[in-house]
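Raw my_file.tsv, TSV, C-alpha atoms and all ligand atoms:
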chain	number	residue	atom	x	y	z
A	21	MET	CA	-14.56	19.98	13.01
A	22	SER	CA	-16.56	17.00	14.23
A	23	GLN	CA	-14.98	13.58	13.81
A	24	PRO	CA	-13.70	13.39	10.18
A	25	ARG	CA	-15.23	10.96	7.73
A	26	VAL	CA	-12.64	8.92	5.85
A	27	LEU	CA	-13.04	7.43	2.38
A	28	VAL	CA	-10.55	4.70	1.49
A	29	THR	CA	-10.26	3.48	-2.11
A	30	GLY	CA	-8.86	-0.01	-2.69
A	31	ALA	CA	-10.57	-1.27	0.48
A	32	SER	CA	-10.40	-4.88	-0.74
A	33	GLY	CA	-6.63	-4.62	-1.24
A	34	LEU	CA	-3.67	-5.04	1.11
A	35	LEU	CA	-3.30	-1.45	2.28
A	36	GLY	CA	-6.89	-0.26	1.88
A	37	SER	CA	-8.42	-3.10	3.91
A	38	ASN	CA	-5.96	-2.71	6.78
A	39	LEU	CA	-6.21	1.07	6.76
A	40	ALA	CA	-10.01	1.01	6.71
A	41	LEU	CA	-10.09	-1.43	9.65
A	42	HIS	CA	-7.63	0.66	11.68
A	43	ALA	CA	-9.48	3.86	10.94
A	44	THR	CA	-12.79	2.50	12.24
A	45	ALA	CA	-11.40	2.69	15.77
A	46	GLN	CA	-11.54	6.51	15.54
A	47	TYR	CA	-13.45	7.57	12.44
A	48	ALA	CA	-16.50	6.90	10.30
A	49	VAL	CA	-15.10	5.02	7.31
A	50	VAL	CA	-16.34	4.23	3.81
A	51	GLY	CA	-14.30	1.72	1.82
A	52	VAL	CA	-14.52	1.57	-1.98
A	53	THR	CA	-14.16	-1.85	-3.61
A	54	ASN	CA	-14.42	-2.83	-7.25
A	55	GLN	CA	-14.40	-6.47	-8.36
A	56	ARG	CA	-14.00	-7.98	-4.90
A	57	PRO	CA	-16.89	-6.83	-2.67
A	58	LEU	CA	-16.53	-7.20	1.10
A	59	ALA	CA	-19.07	-8.52	3.57
A	60	ASN	CA	-19.27	-8.16	7.35
A	61	ALA	CA	-16.68	-5.37	7.22
A	62	ALA	CA	-16.47	-3.15	10.28
A	63	PHE	CA	-16.87	-0.15	7.95
A	64	ASP	CA	-19.37	0.92	5.28
A	65	THR	CA	-18.51	-0.20	1.78
A	66	VAL	CA	-19.45	0.98	-1.67
A	67	GLN	CA	-18.78	-0.91	-4.86
A	68	ALA	CA	-17.64	1.21	-7.82
A	69	ASP	CA	-15.40	0.97	-10.84
A	70	LEU	CA	-13.71	4.33	-10.41
A	71	LEU	CA	-12.65	4.33	-14.06
A	72	GLU	CA	-16.27	4.60	-15.21
A	73	PRO	CA	-17.26	8.10	-16.32
A	74	GLY	CA	-18.77	10.07	-13.41
A	75	ALA	CA	-17.92	7.41	-10.79
A	76	VAL	CA	-15.45	9.53	-8.81
A	77	ALA	CA	-17.87	12.44	-8.42
A	78	ARG	CA	-20.74	10.07	-7.59
A	79	VAL	CA	-18.78	8.28	-4.85
A	80	LEU	CA	-17.43	11.49	-3.31
A	81	ASP	CA	-20.84	13.19	-3.33
A	82	ALA	CA	-22.55	10.18	-1.77
A	83	ALA	CA	-19.96	9.59	0.97
A	84	GLN	CA	-19.14	13.27	1.71
A	85	PRO	CA	-15.77	12.44	3.29
A	86	ASP	CA	-13.41	14.95	4.90
A	87	TRP	CA	-10.37	12.83	4.07
A	88	VAL	CA	-9.75	10.58	1.07
A	89	VAL	CA	-6.93	8.03	1.08
A	90	HIS	CA	-6.35	6.65	-2.38
A	91	CYS	CA	-5.04	3.06	-2.20
A	92	ALA	CA	-6.63	1.64	-5.38
A	93	ALA	CA	-4.15	0.86	-8.14
A	94	LEU	CA	-2.86	-1.74	-10.51
A	95	ALA	CA	-0.04	-2.66	-8.14
A	96	ASP	CA	1.19	-5.80	-9.90
A	97	ILE	CA	4.39	-4.83	-11.71
A	98	ASP	CA	4.19	-7.58	-14.33
A	99	ALA	CA	0.49	-6.90	-15.03
A	100	CYS	CA	1.37	-3.25	-15.65
A	101	GLU	CA	3.94	-4.28	-18.29
A	102	GLN	CA	1.26	-6.37	-20.02
A	103	GLN	CA	-1.61	-3.86	-19.66
A	104	SER	CA	0.12	-0.51	-19.91
A	105	GLU	CA	-3.02	1.41	-20.97
A	106	LEU	CA	-4.99	0.13	-17.97
A	107	ALA	CA	-1.99	0.94	-15.77
A	108	ARG	CA	-1.91	4.51	-17.13
A	109	LYS	CA	-5.62	5.02	-16.53
A	110	LEU	CA	-5.68	3.48	-13.04
A	111	ASN	CA	-2.31	4.58	-11.73
A	112	THR	CA	-2.03	8.06	-13.30
A	113	GLU	CA	-5.35	9.39	-14.60
A	114	LEU	CA	-7.49	8.23	-11.66
A	115	PRO	CA	-5.34	9.77	-8.89
A	116	GLY	CA	-5.11	13.01	-10.91
A	117	GLN	CA	-8.88	13.11	-11.22
A	118	LEU	CA	-9.41	12.27	-7.54
A	119	ALA	CA	-6.98	15.02	-6.56
A	120	GLN	CA	-8.93	17.53	-8.69
A	121	GLU	CA	-12.34	16.45	-7.45
A	122	THR	CA	-11.30	16.37	-3.78
A	123	ALA	CA	-9.63	19.78	-4.08
A	124	ARG	CA	-12.82	21.21	-5.60
A	125	ARG	CA	-14.84	19.88	-2.65
A	126	GLY	CA	-12.34	21.01	0.03
A	127	MET	CA	-11.45	17.42	1.02
A	128	ARG	CA	-7.98	16.37	2.14
A	129	PHE	CA	-6.32	13.90	-0.22
A	130	VAL	CA	-3.61	11.31	0.37
A	131	HIS	CA	-2.05	9.56	-2.59
A	132	ILE	CA	-0.13	6.32	-2.13
A	133	SER	CA	2.84	6.17	-4.49
A	134	THR	CA	5.73	3.69	-4.30
A	135	ASP	CA	9.42	3.30	-3.48
A	136	ALA	CA	9.78	2.02	-7.07
A	137	VAL	CA	9.91	5.61	-8.39
A	138	TYR	CA	13.64	5.42	-7.54
A	139	ASP	CA	15.94	3.54	-9.92
A	140	GLY	CA	18.00	1.72	-7.29
A	141	THR	CA	21.43	3.11	-8.24
A	142	LYS	CA	22.08	5.50	-5.33
A	143	ALA	CA	20.30	4.30	-2.21
A	144	PRO	CA	19.51	5.11	0.51
A	145	TYR	CA	17.06	7.51	-1.11
A	146	LYS	CA	15.89	10.83	0.24
A	147	GLU	CA	12.76	12.51	-1.08
A	148	THR	CA	15.01	15.16	-2.68
A	149	ASP	CA	16.75	12.54	-4.88
A	150	ALA	CA	15.53	12.59	-8.47
A	151	PRO	CA	13.05	9.82	-9.27
A	152	ASN	CA	13.90	7.66	-12.28
A	153	PRO	CA	11.17	5.02	-12.59
A	154	LEU	CA	12.17	1.92	-14.59
A	155	SER	CA	8.98	-0.13	-15.10
A	156	VAL	CA	5.58	0.78	-16.56
A	157	TYR	CA	4.20	0.49	-13.01
A	158	ALA	CA	6.79	2.88	-11.57
A	159	LYS	CA	6.43	5.34	-14.47
A	160	THR	CA	2.64	5.51	-14.10
A	161	LYS	CA	3.01	6.00	-10.32
A	162	ARG	CA	5.56	8.79	-10.82
A	163	MET	CA	3.27	10.54	-13.34
A	164	ALA	CA	0.51	10.34	-10.72
A	165	GLU	CA	2.67	12.15	-8.17
A	166	LEU	CA	3.03	15.05	-10.63
A	167	ALA	CA	-0.68	15.05	-11.46
A	168	VAL	CA	-1.66	15.06	-7.77
A	169	LYS	CA	0.75	17.90	-6.92
A	170	ALA	CA	-0.62	19.98	-9.80
A	171	ALA	CA	-4.26	19.40	-8.84
A	172	HIS	CA	-4.46	19.61	-5.04
A	173	PRO	CA	-3.08	22.54	-3.00
A	174	GLN	CA	-2.59	20.39	0.13
A	175	TRP	CA	-1.32	17.18	-1.44
A	176	LEU	CA	0.13	14.44	0.73
A	177	ILE	CA	2.04	11.67	-1.05
A	178	LEU	CA	3.67	8.63	0.53
A	179	ARG	CA	6.26	6.41	-1.16
A	180	PRO	CA	6.01	3.17	0.80
A	181	ASN	CA	7.11	-0.39	0.63
A	182	LEU	CA	4.72	-2.49	2.69
A	183	PHE	CA	3.93	-5.95	3.94
A	184	GLY	CA	1.17	-7.56	5.97
A	185	TRP	CA	-1.86	-9.83	5.76
A	186	SER	CA	-4.26	-9.15	2.89
A	187	PRO	CA	-7.87	-10.23	2.25
A	188	ASN	CA	-6.91	-12.57	-0.60
A	189	GLY	CA	-4.05	-14.03	1.44
A	190	VAL	CA	-1.51	-14.04	-1.37
A	191	HIS	CA	-0.68	-10.42	-1.93
A	192	SER	CA	2.36	-9.37	0.04
A	193	LEU	CA	5.91	-10.71	0.11
A	194	ALA	CA	5.42	-11.68	3.76
A	195	GLU	CA	2.46	-13.85	2.71
A	196	PHE	CA	4.55	-15.41	-0.07
A	197	PHE	CA	7.12	-16.53	2.51
A	198	TYR	CA	4.51	-17.51	5.11
A	199	ASN	CA	2.32	-19.51	2.69
A	200	ASN	CA	5.24	-21.49	1.30
A	201	LEU	CA	7.10	-22.04	4.57
A	202	THR	CA	4.01	-23.11	6.46
A	203	SER	CA	3.55	-25.96	3.97
A	204	GLY	CA	7.24	-26.91	4.11
A	205	GLN	CA	7.95	-25.53	0.62
A	206	ALA	CA	11.45	-24.16	-0.12
A	207	VAL	CA	11.50	-20.61	-1.50
A	208	ASN	CA	14.04	-18.33	-3.10
A	209	GLY	CA	14.99	-15.19	-1.20
A	210	PHE	CA	16.74	-12.58	-3.30
A	211	THR	CA	20.06	-11.49	-1.81
A	212	ASP	CA	20.50	-8.83	-4.53
A	213	ARG	CA	17.30	-6.91	-3.72
A	214	LEU	CA	17.42	-4.47	-0.81
A	215	PHE	CA	14.35	-2.70	0.53
A	216	THR	CA	12.80	-0.93	3.51
A	217	PRO	CA	9.43	-2.59	4.08
A	218	LEU	CA	6.98	-1.25	6.64
A	219	HIS	CA	4.22	-3.29	8.26
A	220	VAL	CA	0.86	-2.22	6.83
A	221	GLY	CA	-0.55	-1.63	10.32
A	222	PHE	CA	2.20	0.86	11.13
A	223	LEU	CA	1.73	2.48	7.71
A	224	SER	CA	-2.02	2.77	8.32
A	225	GLU	CA	-1.46	4.46	11.68
A	226	ILE	CA	1.10	6.82	10.12
A	227	ILE	CA	-1.29	7.88	7.35
A	228	LEU	CA	-4.02	8.68	9.89
A	229	GLU	CA	-1.55	10.51	12.14
A	230	LEU	CA	-0.30	12.69	9.26
A	231	LEU	CA	-3.88	13.53	8.31
A	232	ALA	CA	-4.78	14.39	11.91
A	233	LYS	CA	-1.74	16.67	12.14
A	234	GLY	CA	-2.60	18.38	8.84
A	235	VAL	CA	0.80	17.51	7.33
A	236	HIS	CA	1.33	17.79	3.59
A	237	GLY	CA	4.26	17.07	1.30
A	238	ILE	CA	6.03	13.95	0.07
A	239	PHE	CA	7.45	11.25	2.34
A	240	ASN	CA	9.32	7.99	1.96
A	241	ALA	CA	7.43	5.52	4.13
A	242	GLY	CA	9.50	2.59	5.34
A	243	SER	CA	10.85	1.06	8.53
A	244	SER	CA	13.82	2.50	10.41
A	245	ASP	CA	16.12	-0.14	8.85
A	246	SER	CA	16.59	-1.98	5.53
A	247	LEU	CA	17.49	-5.52	4.52
A	248	SER	CA	17.59	-7.95	1.57
A	249	LYS	CA	14.54	-9.94	0.55
A	250	TYR	CA	16.47	-13.08	1.56
A	251	ASP	CA	17.06	-11.70	5.08
A	252	PHE	CA	13.39	-10.76	5.26
A	253	GLY	CA	12.42	-14.36	4.44
A	254	VAL	CA	14.78	-15.67	7.11
A	255	MET	CA	13.34	-13.20	9.64
A	256	ILE	CA	9.82	-14.48	8.91
A	257	ALA	CA	10.95	-18.11	9.17
A	258	ARG	CA	12.49	-17.44	12.59
A	259	GLN	CA	9.52	-15.45	13.91
A	260	PHE	CA	7.00	-18.14	12.92
A	261	GLY	CA	9.21	-21.09	13.90
A	262	PHE	CA	9.72	-22.42	10.35
A	263	ASP	CA	12.89	-24.12	9.12
A	264	GLU	CA	14.96	-21.16	7.90
A	265	GLN	CA	16.99	-23.46	5.61
A	266	LEU	CA	13.90	-23.49	3.40
A	267	VAL	CA	14.70	-19.89	2.45
A	268	ARG	CA	17.33	-20.30	-0.26
A	269	PRO	CA	19.65	-17.43	-1.18
A	270	ALA	CA	19.08	-16.56	-4.85
A	271	HIS	CA	19.47	-13.84	-7.47
A	272	THR	CA	16.52	-12.08	-9.06
A	273	GLU	CA	14.93	-13.44	-12.22
A	274	SER	CA	12.63	-10.63	-13.28
A	275	THR	CA	10.65	-9.93	-16.43
A	276	ALA	CA	9.69	-6.33	-15.60
A	277	PRO	CA	12.58	-3.97	-14.80
A	278	ARG	CA	12.90	-3.67	-11.02
A	279	SER	CA	15.16	-1.37	-9.02
A	280	ALA	CA	17.79	-3.40	-7.16
A	281	ASP	CA	18.49	-1.24	-4.12
A	282	LEU	CA	15.46	0.55	-2.70
A	283	ARG	CA	16.77	1.40	0.74
A	284	LEU	CA	14.93	4.51	1.92
A	285	ASN	CA	16.03	7.33	4.15
A	286	VAL	CA	12.95	7.89	6.32
A	287	SER	CA	14.17	10.77	8.46
A	288	ARG	CA	11.71	13.28	6.93
A	289	LEU	CA	8.77	11.10	7.97
A	290	SER	CA	10.30	10.45	11.37
A	291	GLN	CA	10.64	14.22	11.90
A	292	ALA	CA	7.07	14.92	10.79
A	293	LEU	CA	5.80	12.34	13.29
A	294	GLY	CA	8.20	13.38	16.05
A	295	ARG	CA	9.28	9.81	16.73
A	296	ARG	CA	11.47	6.99	15.51
A	297	LEU	CA	9.84	4.65	13.03
A	298	PRO	CA	9.43	0.96	13.91
A	299	SER	CA	12.01	-1.54	12.66
A	300	VAL	CA	11.37	-4.36	10.17
A	301	ALA	CA	11.62	-6.79	13.10
A	302	ASP	CA	8.89	-4.83	14.94
A	303	GLY	CA	6.74	-5.30	11.84
A	304	VAL	CA	7.43	-9.03	11.61
A	305	THR	CA	6.52	-9.40	15.30
A	306	ARG	CA	3.28	-7.53	14.60
A	307	LEU	CA	2.61	-9.83	11.65
A	308	TYR	CA	2.97	-12.81	13.99
A	309	ASP	CA	0.72	-11.21	16.63
A	310	GLU	CA	-1.94	-10.54	13.99
A	311	LEU	CA	-2.02	-14.22	13.11
A	312	GLN	CA	-2.57	-15.09	16.79
A	313	ASN	CA	-5.15	-12.38	17.53
A	314	GLY	CA	-7.38	-13.15	14.54
A	315	HIS	CA	-6.61	-10.05	12.44
A	316	ARG	CA	-5.59	-12.14	9.42
A	317	HIS	CA	-8.67	-14.31	9.81
A	318	LYS	CA	-10.88	-11.21	10.01
A	319	LEU	CA	-9.42	-9.71	6.81
A	320	GLN	CA	-9.77	-12.93	4.86
A	321	GLY	CA	-13.24	-13.53	6.26
A	322	MET	CA	-14.52	-10.24	4.81
A	323	LEU	CA	-13.64	-11.43	1.31
A	324	ALA	CA	-14.62	-15.07	1.77
A	325	VAL	CA	-18.09	-14.18	3.07
A	326	ALA	CA	-18.63	-11.79	0.18
A	327	ALA	CA	-17.55	-14.43	-2.34
A	328	LYS	CA	-20.03	-16.97	-0.89
A	329	GLY	CA	-22.87	-14.44	-0.65
A	401	LIG	N1	1.85	-3.94	-2.19
A	401	LIG	C1	3.03	-3.37	-2.18
A	401	LIG	O1	4.04	-4.00	-1.86
A	401	LIG	C2	3.16	-1.89	-2.51
A	401	LIG	C3	4.44	-1.32	-2.48
A	401	LIG	C4	4.58	0.04	-2.76
A	401	LIG	C5	3.46	0.80	-3.05
A	401	LIG	N2	2.24	0.21	-3.12
A	401	LIG	C6	1.08	1.05	-3.45
A	401	LIG	O2	0.19	0.98	-2.36
A	401	LIG	C7	-1.16	1.11	-2.82
A	401	LIG	C8	-1.97	-0.05	-2.32
A	401	LIG	O3	-1.43	-1.25	-2.87
A	401	LIG	P1	-2.02	-2.68	-2.50
A	401	LIG	O4	-0.89	-3.62	-2.55
A	401	LIG	O5	-2.85	-2.55	-1.28
A	401	LIG	O6	-2.97	-2.94	-3.78
A	401	LIG	P2	-3.90	-4.21	-4.04
A	401	LIG	O7	-3.91	-5.13	-2.86
A	401	LIG	O8	-3.52	-4.77	-5.38
A	401	LIG	O9	-5.34	-3.57	-4.15
A	401	LIG	C9	-5.71	-2.81	-5.23
A	401	LIG	C10	-7.08	-2.23	-4.97
A	401	LIG	O10	-7.45	-1.38	-6.07
A	401	LIG	C11	-8.83	-1.62	-6.35
A	401	LIG	N3	-9.14	-1.28	-7.73
A	401	LIG	C12	-8.52	-1.74	-8.85
A	401	LIG	N4	-9.13	-1.24	-9.94
A	401	LIG	C13	-10.15	-0.44	-9.51
A	401	LIG	C14	-11.13	0.33	-10.16
A	401	LIG	N5	-11.20	0.40	-11.50
A	401	LIG	N6	-12.01	1.02	-9.40
A	401	LIG	C15	-11.97	0.95	-8.04
A	401	LIG	N7	-11.04	0.23	-7.37
A	401	LIG	C16	-10.15	-0.46	-8.11
A	401	LIG	C17	-9.01	-3.12	-6.10
A	401	LIG	O11	-10.38	-3.40	-5.94
A	401	LIG	P3	-11.00	-4.88	-6.27
A	401	LIG	O12	-9.96	-5.86	-5.80
A	401	LIG	O13	-12.25	-4.93	-5.45
A	401	LIG	O14	-11.24	-4.96	-7.73
A	401	LIG	C18	-8.19	-3.29	-4.83
A	401	LIG	O15	-8.97	-2.98	-3.70
A	401	LIG	C19	-1.07	1.20	-4.34
A	401	LIG	O16	-1.10	2.55	-4.72
A	401	LIG	C20	0.28	0.60	-4.66
A	401	LIG	O17	0.80	1.13	-5.87
A	401	LIG	C21	2.06	-1.12	-2.85
Let me see the file written as structure tokens.
Ligand SMILES: NC(=O)c1ccc[n+]([C@@H]2O[C@H](COP(=O)([O-])OP(=O)(O)OC[C@H]3O[C@@H](n4cnc5c(N)ncnc54)[C@H](OP(=O)(O)O)[C@@H]3O)[C@@H](O)[C@H]2O)c1
Amino acid sequence: MSQPRVLVTGASGLLGSNLALHATAQYAVVGVTNQRPLANAAFDTVQADLLEPGAVARVLDAAQPDWVVHCAALADIDACEQQSELARKLNTELPGQLAQETARRGMRFVHISTDAVYDGTKAPYKETDAPNPLSVYAKTKRMAELAVKAAHPQWLILRPNLFGWSPNGVHSLAEFFYNNLTSGQAVNGFTDRLFTPLHVGFLSEIILELLAKGVHGIFNAGSSDSLSKYDFGVMIARQFGFDEQLVRPAHTESTAPRSADLRLNVSRLSQALGRRLPSVADGVTRLYDELQNGHRHKLQGMLAVAAKG
């Protein structure tokens, strides 16, 4: 096969924008955006509301990709509680339809699920542990996994937790800590929430590597180690030279039900890749490097230019 063409949905979001940028180093890339168009992106973009009748087929037939990575979603847990019908359509129906339409056209399909499919009572989780999603968000994402498996013979599903710089600058937990700490604002860091976050750049590379190797199946996608959200905030404060006392240990106050302990066992992914996964500290170092080398600026510039234009 000549160099594969990659279609990335959610290209204006945290994962999609980073993935699309990484992929351009090797592949021809088309990024799908919806309400937030991009300008001056290093990849082709197409604007489409994928929930509109016929939009999925139209976008696939126009772009003719070999690989489709589906990153579009309603990923805000509280918004999903408030707009459960939209969450069902976007997070369950759309991936099911994309899986069907890509299978029909012989395209590979990657679906991005979430660590939140686990209920947090028996971490660290392996992929063989039974999911028990608690929130509307997690339930719609779990239903999508089942729909994708039923529709595509070569399904590839990742259950990540991720952090990094995003085009709108306020999306990930790392940005929450960075934005507050950089302006000297104290923030709560939850000591009762454990997770296994993976830097979005590493996740992007992993997705492309799995596709290139022709791997399919379901994989937890996290770093090689886990920590509390409080410790994550302290790690960011130290890496960026902020006063770590500004990160205050606290307990969760949550409206939507959230799983408390989402430590992931990532050995299946590590085996599929044939290497150890990076640590959370490796990811935080990369986050810092991306601020210095202009990656964050580049991501935010794509959105800012589009907003002005
Ligand atoms: N962020 C996390 O911490 C996290 C953790 C675990 C799993 N995940 C999963 O990872 C994936 C990526 O998440 P993310 O944080 O990158 O999401 P995000 O930043 O919220 O981006 C969501 C994307 O979906 C697009 N979109 C929404 N509605 C659409 C529609 N009707 N048609 C076409 N596109 C539409 C948005 O486009 P516009 O903005 O242009 O409208 C945006 O590009 C999701 O599947 C999410 O569930 C995320």
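Closest to Leu166 (chain A) among A:Ala143, A:Leu323, A:Leu282, A:Ala119 is A:Ala119, based on only C-alpha atoms.
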Restricting the calculation to only C-alpha atoms: of A:Gly116, A:Pro187, A:Gly237, A:Gly209, which residue gets closest to Ala171 (chain A)?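 Ranked by minimum distance to Ala171 (chain A), first place goes to A:Gly116.
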Give as a PyMOL selection string the residues surrounding ligand LIG 401 (chain A) up to a distance of 6 Å, considering all atoms listed in the file. chain A and resi 30-36+53-57+68-71+91-95+132-135+180-182+192
Just how far from CA of Tyr47 (chain A) is CA of Val66 (chain A), in Å to one decimal?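 Those two atoms sit 16.7 Å apart.
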Skip Tyr308 (chain A) itself and residues of its chain fewer than 2 positions away, then list as a list in words all residues within 12 Å of it, counting all atoms listed in the file.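 What passes the distance filter is Gly184, Trp185, Ala194, Glu195, Tyr198, His219, Met255, Ile256, Ala257, Arg258, Gln259, Phe260, Gly261, Ala301, Asp302, Gly303, Val304, Thr305, Arg306, Glu310, Leu311, Gln312, Asn313, Gly314, His315 and Arg316 of chain A.
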Using only C-alpha atoms, list the residues that have an atom at most 12 Å from (6.1, 13.1, 11.0), coordinates as in the file, as a VMD selection string. chain A and resid 176 178 223 225 to 241 286 to 297
Where is the centre and how long are the edges: axis-aligned box on region 296-304 of chain A, 6 Å on each side, Å to one decimal, as JSON:
{"center_x": 9.4, "center_y": -1.0, "center_z": 12.8, "size_x": 17.3, "size_y": 28.0, "size_z": 17.3}
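CA of Leu154 (chain A) lies 12.4 Å from CA of Asp98 (chain A).
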Nearest residue to Glu105 (chain A) out of A:Val168, A:Phe63, A:Tyr157, A:Asn208, using all atoms listed in the file? A:Tyr157
Atomic separation - CA of Arg108 (chain A) relative to CA of Thr272 (chain A), Å: 26.1 Å
Which of A:Asp81, A:Pro277, A:Ala167, A:Lys146 sits closest to Glu101 (chain A) [using all atoms listed in the file]: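 Among A:Asp81, A:Pro277, A:Ala167, A:Lys146, it is A:Pro277 that comes nearest to Glu101 (chain A).
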Residues near Tyr138 (chain A), cut-off 7 Å, only C-alpha atoms, skip fewer than 3 positions along chain, as a PDB file with C-alpha atoms, keeping the file's coordinate frame:
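Okay, part.pdb is ready:
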ATOM      1  CA  ASP A 135       9.420   3.300  -3.480  1.00  0.00           C
ATOM      2  CA  PRO A 151      13.050   9.820  -9.270  1.00  0.00           C
ATOM      3  CA  ASN A 152      13.900   7.660 -12.280  1.00  0.00           C
ATOM      4  CA  PRO A 153      11.170   5.020 -12.590  1.00  0.00           C
TER       5      PRO A 153
END
Start from the incomplete input, build N, CA and C atoms for region 170-192 of chain A, and deliver everything as a short mmCIF file (atom, residue, chain, number, x, y, z; two decimals), keeping the file's coordinate frame.
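Generated output (selection36.cif):
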data_model
loop_
_atom_site.label_atom_id
_atom_site.label_comp_id
_atom_site.auth_asym_id
_atom_site.auth_seq_id
_atom_site.Cartn_x
_atom_site.Cartn_y
_atom_site.Cartn_z
N ALA A 170 -0.09 18.87 -8.98
CA ALA A 170 -0.62 19.98 -9.80
C ALA A 170 -2.08 20.26 -9.46
N ALA A 171 -2.81 19.24 -8.97
CA ALA A 171 -4.26 19.40 -8.84
C ALA A 171 -4.74 19.76 -7.44
N HIS A 172 -3.95 19.43 -6.40
CA HIS A 172 -4.46 19.61 -5.04
C HIS A 172 -3.50 20.50 -4.24
N PRO A 173 -3.99 21.62 -3.69
CA PRO A 173 -3.08 22.54 -3.00
C PRO A 173 -2.46 21.96 -1.73
N GLN A 174 -3.11 20.96 -1.14
CA GLN A 174 -2.59 20.39 0.13
C GLN A 174 -2.26 18.92 -0.03
N TRP A 175 -1.59 18.59 -1.13
CA TRP A 175 -1.32 17.18 -1.44
C TRP A 175 -0.43 16.54 -0.38
N LEU A 176 -0.71 15.27 -0.15
CA LEU A 176 0.13 14.44 0.73
C LEU A 176 0.39 13.14 -0.02
N ILE A 177 1.67 12.86 -0.27
CA ILE A 177 2.04 11.67 -1.05
C ILE A 177 3.02 10.84 -0.24
N LEU A 178 2.75 9.54 -0.15
CA LEU A 178 3.67 8.63 0.53
C LEU A 178 4.28 7.67 -0.48
N ARG A 179 5.58 7.40 -0.31
CA ARG A 179 6.26 6.41 -1.16
C ARG A 179 6.65 5.23 -0.27
N PRO A 180 5.74 4.26 -0.13
CA PRO A 180 6.01 3.17 0.80
C PRO A 180 6.57 1.91 0.13
N ASN A 181 7.07 1.03 0.95
CA ASN A 181 7.11 -0.39 0.63
C ASN A 181 6.43 -1.06 1.81
N LEU A 182 5.52 -2.00 1.57
CA LEU A 182 4.72 -2.49 2.69
C LEU A 182 4.55 -4.00 2.68
N PHE A 183 4.26 -4.53 3.84
CA PHE A 183 3.93 -5.95 3.94
C PHE A 183 2.90 -6.16 5.03
N GLY A 184 2.18 -7.27 4.94
CA GLY A 184 1.17 -7.56 5.97
C GLY A 184 0.24 -8.64 5.45
N TRP A 185 -0.83 -8.88 6.19
CA TRP A 185 -1.86 -9.83 5.76
C TRP A 185 -2.84 -9.10 4.86
N SER A 186 -3.30 -9.79 3.80
CA SER A 186 -4.26 -9.15 2.89
C SER A 186 -5.52 -10.01 2.80
N PRO A 187 -6.64 -9.44 2.35
CA PRO A 187 -7.87 -10.23 2.25
C PRO A 187 -7.73 -11.47 1.37
N ASN A 188 -7.00 -11.38 0.26
CA ASN A 188 -6.91 -12.57 -0.60
C ASN A 188 -5.80 -13.52 -0.17
N GLY A 189 -5.02 -13.13 0.82
CA GLY A 189 -4.05 -14.03 1.44
C GLY A 189 -2.80 -14.32 0.63
N VAL A 190 -2.67 -13.71 -0.53
CA VAL A 190 -1.51 -14.04 -1.37
C VAL A 190 -0.83 -12.78 -1.90
N HIS A 191 -1.11 -11.65 -1.28
CA HIS A 191 -0.68 -10.42 -1.93
C HIS A 191 0.72 -9.97 -1.59
N SER A 192 1.09 -10.02 -0.32
CA SER A 192 2.36 -9.37 0.04
C SER A 192 3.51 -10.37 0.08
#
